[in-house]
Every structure is written in structure tokens, then in C-alpha cells.
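Text of coords_30.cif, listed as mmCIF, C-alpha atoms:
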data_query
loop_
_atom_site.label_atom_id
_atom_site.label_comp_id
_atom_site.auth_asym_id
_atom_site.auth_seq_id
_atom_site.Cartn_x
_atom_site.Cartn_y
_atom_site.Cartn_z
CA MET A 1 0.00 0.00 0.00
CA ASN A 2 2.81 2.31 0.97
CA LYS A 3 4.53 1.66 -2.34
CA LEU A 4 1.37 2.35 -4.31
CA ASN A 5 0.96 5.66 -2.49
CA LYS A 6 4.50 6.62 -3.35
CA PHE A 7 3.95 5.74 -6.97
CA ILE A 8 0.75 7.81 -7.17
CA LEU A 9 2.55 10.73 -5.53
CA LEU A 10 5.31 10.44 -8.11
CA LEU A 11 2.79 10.41 -10.96
CA LEU A 12 1.04 13.46 -9.53
CA ALA A 13 4.38 15.23 -9.15
CA ILE A 14 5.23 14.54 -12.78
CA MET A 15 1.83 15.71 -14.00
CA PHE A 16 1.92 18.81 -11.83
CA SER A 17 5.42 19.77 -12.90
CA SER A 18 4.58 19.44 -16.60
CA THR A 19 1.40 21.53 -16.34
CA SER A 20 3.12 24.25 -14.36
CA GLN A 21 5.88 24.42 -16.97
CA ALA A 22 3.41 24.72 -19.82
CA GLN A 23 1.79 27.73 -18.20
CA GLU A 24 5.01 29.72 -18.15
CA GLU A 25 5.21 31.92 -21.17
CA THR A 26 8.96 31.68 -21.76
CA MET A 27 8.86 27.91 -21.64
CA ALA A 28 5.97 27.82 -24.08
CA ASN A 29 7.99 29.96 -26.47
CA THR A 30 11.00 27.70 -26.27
CA MET A 31 8.83 24.68 -26.86
CA ARG A 32 7.51 26.22 -30.07
CA SER A 33 10.84 27.28 -31.59
CA ASN A 34 13.22 25.45 -33.97
CA GLY A 35 10.55 23.36 -35.67
CA LYS A 36 9.33 22.25 -32.22
CA ILE A 37 12.35 19.97 -31.76
CA TYR A 38 12.22 20.68 -28.01
CA VAL A 39 8.92 18.83 -27.88
CA VAL A 40 10.66 15.70 -29.18
CA VAL A 41 13.44 16.18 -26.64
CA ALA A 42 10.84 16.53 -23.87
CA VAL A 43 9.02 13.39 -25.00
CA LEU A 44 12.18 11.32 -25.23
CA THR A 45 13.46 12.64 -21.90
CA THR A 46 10.13 11.70 -20.30
CA ILE A 47 10.36 8.18 -21.69
CA LEU A 48 13.96 7.86 -20.52
CA VAL A 49 13.15 9.16 -17.04
CA GLY A 50 10.17 6.82 -16.88
CA LEU A 51 12.27 3.82 -17.90
CA ILE A 52 14.97 4.69 -15.38
CA ALA A 53 12.37 5.16 -12.62
CA TYR A 54 11.00 1.73 -13.53
CA LEU A 55 14.48 0.24 -13.38
CA VAL A 56 15.13 1.87 -9.98
CA ARG A 57 11.85 0.42 -8.66
CA LEU A 58 12.80 -3.04 -9.93
CA ASP A 59 16.21 -2.65 -8.32
CA LYS A 60 14.55 -1.78 -5.00
CA LYS A 61 12.18 -4.74 -5.20
CA ILE A 62 15.02 -7.15 -5.93
CA SER A 63 17.06 -5.70 -3.05
CA LYS A 64 14.08 -6.36 -0.76
CA LEU A 65 13.77 -9.93 -2.03
CA GLU A 66 17.49 -10.47 -1.40
CA LYS A 67 17.09 -9.46 2.26
CA GLU A 68 14.33 -12.01 2.88
CA MET B 1 18.43 -0.20 -3.13
CA ARG B 2 21.97 0.02 -4.39
CA LEU B 3 22.14 3.20 -6.45
CA THR B 4 25.86 3.08 -6.98
CA TRP B 5 27.98 5.63 -8.82
CA TRP B 6 27.87 3.83 -12.15
CA LYS B 7 24.09 3.72 -12.19
CA LEU B 8 23.98 7.46 -11.56
CA LEU B 9 26.63 7.96 -14.24
CA SER B 10 24.50 5.98 -16.68
CA ILE B 11 21.42 8.14 -15.93
CA ILE B 12 23.39 11.38 -16.33
CA LEU B 13 25.12 10.28 -19.54
CA LEU B 14 21.87 9.04 -21.10
CA LEU B 15 20.05 12.27 -20.31
CA TYR B 16 23.00 14.14 -21.82
CA ALA B 17 22.92 11.87 -24.88
CA VAL B 18 19.21 12.49 -25.46
CA ILE B 19 19.23 16.23 -24.81
CA GLY B 20 22.65 16.97 -26.32
CA GLY B 21 22.08 14.49 -29.11
CA PHE B 22 19.09 16.44 -30.33
CA LEU B 23 20.16 19.98 -29.63
CA LEU B 24 23.93 20.20 -30.17
CA PRO B 25 25.17 21.03 -33.68
CA VAL B 26 25.99 18.27 -36.18
CA PRO B 27 27.65 18.41 -39.63
CA GLU B 28 25.21 18.98 -42.47
CA LEU B 29 25.44 16.13 -44.95
CA THR B 30 23.29 15.39 -47.97
CA GLN B 31 21.13 12.28 -47.81
CA LEU B 32 21.70 11.94 -44.05
CA GLY B 33 20.44 15.33 -42.87
CA GLU B 34 19.33 15.30 -39.24
CA THR B 35 19.31 11.50 -39.20
CA ILE B 36 23.05 11.66 -38.46
CA ARG B 37 21.94 12.07 -34.85
CA ASN B 38 21.03 8.38 -34.92
CA LEU B 39 24.75 7.79 -34.34
CA TYR B 40 24.10 8.49 -30.65
CA PHE B 41 21.47 5.77 -30.45
CA HIS B 42 21.75 3.17 -33.21
CA VAL B 43 25.53 2.78 -33.16
CA CYS B 44 25.59 2.80 -29.35
CA MET B 45 23.35 -0.29 -29.33
CA TRP B 46 26.00 -2.24 -31.27
CA PHE B 47 28.81 -0.96 -29.09
CA ALA B 48 26.89 -1.95 -25.97
CA MET B 49 26.10 -5.35 -27.49
CA MET B 50 29.76 -6.00 -28.28
CA ILE B 51 30.88 -5.01 -24.76
CA LEU B 52 28.17 -7.13 -23.09
CA PHE B 53 29.05 -10.14 -25.27
CA THR B 54 32.70 -9.70 -24.32
CA ILE B 55 31.81 -9.74 -20.61
CA SER B 56 29.65 -12.81 -21.28
CA VAL B 57 32.44 -14.77 -22.93
CA ILE B 58 34.85 -13.85 -20.11
CA HIS B 59 32.39 -15.37 -17.64
CA SER B 60 32.06 -18.48 -19.79
CA ILE B 61 35.84 -18.95 -19.77
CA ARG B 62 35.91 -18.39 -16.02
CA TYR B 63 33.15 -20.98 -15.63
CA LEU B 64 35.21 -23.52 -17.53
CA ASN B 65 38.15 -22.71 -15.26
CA ASN B 66 36.53 -23.00 -11.86
CA ARG B 67 33.04 -24.51 -12.49
CA ALA B 68 31.30 -21.96 -10.26
CA ILE B 69 27.64 -21.74 -11.30
CA ILE B 70 27.61 -17.95 -10.73
CA HIS B 71 29.75 -17.50 -13.83
CA ASP B 72 27.29 -19.50 -15.89
CA ILE B 73 24.41 -17.33 -14.68
CA LYS B 74 26.37 -14.17 -15.44
CA ALA B 75 27.42 -15.39 -18.89
CA LYS B 76 23.81 -16.19 -19.75
CA GLU B 77 22.36 -12.87 -18.57
CA TYR B 78 25.05 -10.76 -20.25
CA ALA B 79 24.49 -12.65 -23.50
CA SER B 80 20.73 -12.18 -23.30
CA VAL B 81 20.86 -8.43 -22.66
CA GLY B 82 23.58 -8.15 -25.34
CA SER B 83 21.35 -9.93 -27.86
CA PHE B 84 18.46 -7.69 -26.89
CA MET B 85 20.57 -4.61 -27.60
CA GLY B 86 21.68 -6.17 -30.88
CA ILE B 87 18.05 -6.66 -31.89
CA LEU B 88 17.34 -3.04 -30.99
CA GLY B 89 20.37 -2.01 -33.07
CA TYR B 90 19.06 -4.03 -36.00
CA LEU B 91 15.56 -2.56 -35.78
CA THR B 92 16.80 1.02 -35.49
CA GLY B 93 19.17 0.39 -38.40
CA ALA B 94 16.27 -0.86 -40.51
CA ILE B 95 14.31 2.33 -39.83
CA TRP B 96 17.32 4.53 -40.49
CA ALA B 97 18.26 2.76 -43.72
CA SER B 98 14.74 2.87 -45.11
CA TYR B 99 14.85 6.67 -45.06
CA THR B 100 18.44 7.28 -46.10
CA TRP B 101 19.41 4.45 -48.48
CA ALA B 102 16.13 3.77 -50.21
CA ASP B 103 13.70 6.24 -51.70
CA PRO B 104 11.19 5.04 -54.31
CA ASN B 105 10.95 8.58 -55.73
CA ASN B 106 14.67 9.06 -56.18
CA PRO B 107 16.48 6.75 -58.66
CA ALA B 108 19.89 7.78 -57.25
CA TYR B 109 19.06 5.91 -54.04
CA ALA B 110 19.48 2.18 -53.63
CA SER B 111 16.71 -0.27 -54.39
CA LEU B 112 15.26 -2.52 -51.72
CA GLY B 113 16.83 -5.53 -53.45
CA SER B 114 20.33 -4.14 -53.03
CA ILE B 115 19.65 -3.31 -49.37
CA MET B 116 18.61 -6.91 -48.77
CA ARG B 117 22.01 -7.98 -50.10
CA GLU B 118 23.93 -5.67 -47.75
CA PRO B 119 26.80 -7.71 -46.25
CA LYS B 120 26.65 -5.78 -42.97
CA LEU B 121 22.97 -6.56 -42.50
CA ILE B 122 23.35 -10.23 -43.33
CA GLY B 123 26.44 -10.51 -41.11
CA ALA B 124 24.70 -8.86 -38.15
CA ALA B 125 21.64 -11.08 -38.62
CA LEU B 126 23.88 -14.16 -38.68
CA ALA B 127 25.65 -13.08 -35.51
CA LEU B 128 22.34 -12.59 -33.71
CA LEU B 129 21.08 -15.98 -34.93
CA VAL B 130 24.24 -17.66 -33.60
CA TYR B 131 23.44 -16.13 -30.20
CA GLY B 132 19.81 -17.21 -30.60
CA ALA B 133 21.07 -20.78 -30.89
CA TYR B 134 22.95 -20.27 -27.59
CA PHE B 135 19.66 -19.79 -25.74
CA ILE B 136 18.00 -22.70 -27.53
CA LEU B 137 20.97 -24.89 -26.57
CA ARG B 138 20.74 -23.80 -22.95
CA ASN B 139 17.05 -24.57 -22.73
CA SER B 140 17.41 -27.97 -24.36
CA VAL B 141 19.76 -29.39 -21.71
CA THR B 142 18.11 -30.23 -18.38
CA ASP B 143 21.11 -31.18 -16.28
CA ILE B 144 22.40 -27.97 -14.69
CA ASP B 145 26.13 -28.75 -14.80
CA GLN B 146 25.98 -30.19 -18.28
CA LYS B 147 23.97 -27.18 -19.46
CA ALA B 148 26.51 -24.79 -18.00
CA ARG B 149 29.48 -26.63 -19.50
CA VAL B 150 28.05 -27.12 -22.99
CA SER B 151 26.71 -23.59 -23.21
CA ALA B 152 30.00 -22.10 -21.97
CA VAL B 153 31.84 -23.87 -24.79
CA TYR B 154 29.19 -22.78 -27.29
CA ASN B 155 29.36 -19.20 -26.03
CA ILE B 156 33.06 -19.07 -26.88
CA PHE B 157 32.22 -20.30 -30.39
CA ALA B 158 29.41 -17.74 -30.71
CA TYR B 159 31.76 -14.96 -29.65
CA ALA B 160 34.38 -16.13 -32.14
CA MET B 161 31.68 -16.08 -34.86
CA LEU B 162 31.15 -12.37 -34.22
CA PHE B 163 34.52 -11.61 -35.76
CA PRO B 164 33.93 -12.98 -39.27
CA THR B 165 30.23 -12.05 -39.34
CA ILE B 166 30.34 -8.47 -38.13
CA TRP B 167 33.97 -7.42 -38.23
CA ILE B 168 35.68 -9.08 -41.20
CA ILE B 169 33.36 -10.18 -44.01
CA PRO B 170 31.30 -6.95 -44.18
CA ARG B 171 34.57 -5.03 -44.63
CA LEU B 172 35.66 -7.13 -47.58
CA LEU B 173 32.52 -6.43 -49.58
CA PRO B 174 31.12 -3.18 -50.96
CA SER B 175 28.36 -1.75 -48.78
CA LEU B 176 26.17 1.28 -48.36
CA HIS B 177 26.76 1.10 -44.64
CA PRO B 178 29.55 3.45 -43.46
CA GLY B 179 32.73 2.13 -41.88
CA GLN B 180 34.13 0.24 -44.84
CA GLU B 181 37.73 1.15 -44.06
CA GLY B 182 38.68 0.86 -40.43
CA ASN B 183 36.41 1.04 -37.43
CA PRO B 184 33.16 2.94 -37.89
CA ALA B 185 32.74 5.77 -35.38
CA LEU B 186 36.03 4.93 -33.67
CA ASN B 187 38.16 6.44 -36.41
CA PHE B 188 39.12 9.97 -35.42
CA ASN B 189 39.19 11.12 -39.03
CA ASP B 190 35.68 10.18 -40.05
CA ILE B 191 33.74 11.31 -37.02
CA ASP B 192 33.21 15.01 -36.49
CA ALA B 193 34.73 16.46 -33.30
CA ARG B 194 31.37 17.94 -32.30
CA MET B 195 29.74 14.53 -32.57
CA ARG B 196 32.44 12.80 -30.56
CA MET B 197 31.49 15.05 -27.63
CA VAL B 198 28.12 13.29 -27.44
CA PHE B 199 28.93 9.94 -29.02
CA TYR B 200 31.48 8.61 -26.54
CA PRO B 201 29.45 9.56 -23.44
CA ALA B 202 26.40 8.01 -25.13
CA VAL B 203 28.26 4.72 -25.70
CA ILE B 204 29.26 4.59 -22.03
CA GLY B 205 25.75 5.54 -20.90
CA TRP B 206 23.98 2.88 -22.98
CA THR B 207 26.53 0.22 -22.03
CA LEU B 208 26.09 1.01 -18.34
CA LEU B 209 22.31 0.84 -18.76
CA GLY B 210 22.74 -2.61 -20.30
CA ALA B 211 24.99 -3.62 -17.42
CA TRP B 212 22.39 -2.31 -14.94
CA ILE B 213 19.59 -4.38 -16.49
CA THR B 214 21.93 -7.38 -16.54
CA SER B 215 22.82 -6.94 -12.88
CA LEU B 216 19.12 -6.99 -11.98
CA LYS B 217 18.60 -10.14 -14.04
CA ILE B 218 21.60 -11.81 -12.37
CA ARG B 219 20.33 -10.95 -8.89
CA LEU B 220 16.88 -12.27 -9.77
CA ALA B 221 18.42 -15.48 -11.12
CA LEU B 222 20.40 -15.88 -7.89
CA ILE B 223 17.26 -15.44 -5.78
CA LYS B 224 15.50 -18.09 -7.89
CA ASP B 225 18.53 -20.38 -7.57
CA LYS B 226 18.51 -19.99 -3.79
CA LYS B 227 14.78 -20.63 -3.60
CA PHE B 228 15.09 -23.86 -5.57
CA SER B 229 17.98 -25.14 -3.46
CA ASN B 230 16.05 -24.40 -0.24
CA GLU B 231 12.97 -26.28 -1.35
#
Would you put the structure from the file into C-alpha cells?
Amino acid sequence: MNKLNKFILLLLAIMFSSTSQAQEETMANTMRSNGKIYVVVAVLTTILVGLIAYLVRLDKKISKLEKE
Amino acid sequence: MRLTWWKLLSIILLLYAVIGGFLLPVPELTQLGETIRNLYFHVCMWFAMMILFTISVIHSIRYLNNRAIIHDIKAKEYASVGSFMGILGYLTGAIWASYTWADPNNPAYASLGSIMREPKLIGAALALLVYGAYFILRNSVTDIDQKARVSAVYNIFAYAMLFPTIWIIPRLLPSLHPGQEGNPALNFNDIDARMRMVFYPAVIGWTLLGAWITSLKIRLALIKDKKFSNE
């Protein structure tokens, strides 16, 4: 249960941070420049961060199993 | 949780590879265009594969030396993550080639038939199939010690097969794939200095990511091993 809560908190944090960034005018301008390449960078970075977070969670779970 | 320095290094280098790989300047070449940035991703898969296979074969040799089952587990997991990265390298190469080598509207580009005959593609496919046979061999032997011994010997053969299939034969034959003379992306003369700034960190980052995934798989295999021996 505790883990699930943490995960939901993380998701909320990610969602909140992305919406707050979109509201800033300067950020919005950057995101729309250079053929919108920054959007691709943001998408790929999100995927990478998500994958790494997943890997870290797996690592934690395995560490817990090892202690048992 | 063991978030050691090399895992952090991998995260930092990969973020740098993605952000820098898209935003830092690259040389402008005809036909390639912006796709040259694939060097940071597609080529890194093959580098990571080669390094993981090398670690795998070292563990196989160590297994044959001291018959400790841990080396067999490590050899297997490094080979499996290495093959996975090889498959990713193959898939990304297929996407890249279909937009830079072939173009049905441009007769100057290669036809699909000539791409199918590319020695580098056939060689890489052969190498991956040889490793595919490694896993089939492993799963077809039930006795643990026999499995470990036979597959360790086969792994050395599979590693040796990498040299003709991906290093030697493709270089003897004409190919659209770059890197005909010398080592692609390692040669200081054919890779732009600006690209080296991202490429080498990217290679290290992707390799460390592969090693991270492998380490998790090894630990999981050890837990399973322990569970079976307790039962």
C-alpha cells in the first residue's frame, strides 16, 4: 500500500510539474521554436526518465527480495 | 536499493545523450540530414552489445576454469541483454536505412533488393542468430552442470563467430553502410569532433544501462537459484 501511495505521488508530481511548466510563457515559447524539436526532446526525456524510474523500482524490489 | 555511482553515471550520460544528441550542432550532410543524430542511439546499441558479449564470454571462460555456477548465470544474462541490444540495433538500423538508403521517388538511391544484399545486414543477422542458438541450446539441456558446460563452450564459439560475421566479411565487400575502411565511429578522421562530444558519453551511458539491467537479471536469477535449493 505504501509503495502504491509513493507511486501515485510520483505520478502526480510529474503531472503537476509538466502543467506548471506549460503555463510559463517563456517555456511555451522555447517549446515552439526550432521546428518544435524541443517537444521531441521533452518526450524522449520523459520516456527515458520513466524507464529509469521503472528500473530503480525493480532494483529496489530485488534488493528487498534479497534481504528475505 | 543500491544506487551506486555507475548507475547514476548511466542516468546522467543518457540524459546528456538524449538532450545533447538532439540539440547540439551536427555536420550537415546530404542524404543523411538530421538522421546523423542516430549515431548516438543506433551505433551505441551495437557498441553496448559488443561489450556485453565480451563480458559474457569472459564469464564463460571463467566458468570452464573453476566450475562456479555464478559464472554460468552471469554469462547467460550478459548474453541475453547483449542480444536484446543487438536486436534493438538491428531494428533502429532498418528504420534509419529505409529513409536514407532507399527512396522510391529518387532513382539515385538504392533499391530494396540491393539493401537486402547488404553484407553488414546479413552478417549482423547471422551473428544474432548464432546467439539465438545459444539460448535454444541452454534450454534444451536439463542437467544444470551439463547445461553450464556445454553452453559455456558454445558461447566461446558464438563470440568467435562475431569476428567474421560483423567485423571481417562486411569489410571485404562493398556496402552502403559506413565504416568500410577501419572502425566505424572509432576512427578519429571520419567522425566530427562535435559529434564525438556526445557519441562517446552516449556509448558509455547505454553500455552502463545494459549492465544495470543485466545486474538486476543476475540478482533475480540468484534469488531463484537460492529458492530452488532451499525447497
Practice item. For CA of Leu88 in chain B and CA of Ser140 in chain B, quote the distance in Å rounded to one decimal. Key: 25.8 Å
Review point. The PyMOL selection byres ((chain A) within 7 of (chain B)) on the file shown: which residues, as a VMD selection string?
Key: chain A and resid 41 45 59 to 60 62 to 63 66
Practice item. Would you mind reading off the distance between CA of Leu9 in chain B and CA of Ser83 in chain B, one decimal, in Å? Key: 23.1 Å
Exercise for review: Name the residues captured by the PyMOL selection byres ((chain B and resi 72) around 7) when it is applied to the shown file; answer as an NGL selection string.
Suggested key: :B and (59-60 or 63 or 69-71 or 73-76 or 148)
Point to revise | Between CA of Arg37 in chain B and CA of Met85 in chain B - distance in Å to one decimal | key: 18.2 Å
Review point. Quick one: which residues end up in the PyMOL selection byres ((chain B and resi 147) around 12) for this structure, as a list in words?
Key: Ser60, Tyr63, Leu64, Arg67, Ile69, Asp72, Ile73, Lys76, Tyr134, Phe135, Ile136, Leu137, Arg138, Asn139, Ser140, Val141, Thr142, Asp143, Ile144, Asp145, Gln146, Ala148, Arg149, Val150, Ser151, Ala152, Val153, Tyr154 and Asn155 of chain B
Point to revise | For Thr165 in chain B: contacts at 8 Å, only C-alpha atoms, fewer than 6 positions along chain excluded, given as a PyMOL selection string | key: chain B and resi 123-124+126-127
**Study point:** Of the listed residues B:Thr92, B:Ile36, B:Pro170, B:Ile51, that which approaches Leu208 in chain B most closely, counting all atoms listed in the file
**Key:**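 For Leu208 in chain B, the nearest of the given residues is B:Ile51.
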Review point. Which protein, DNA or RNA residues are at most 7 Å from (17.8, -13.0, -29.9) in the file's coordinates when you count all atoms listed in the file, listed as a list in words?
Key: Ser83, Phe84, Ile87, Leu128, Leu129, Tyr131 and Gly132 of chain B
Exercise for review: Tell me, as a ChimeraX atom specification, which residues lie within 9 Å of Met49 in chain B, counting all atoms listed in the file; anything in the same chain fewer than 5 positions away does not count.
Suggested key: /B:44,54,79,81-86,89,207,210
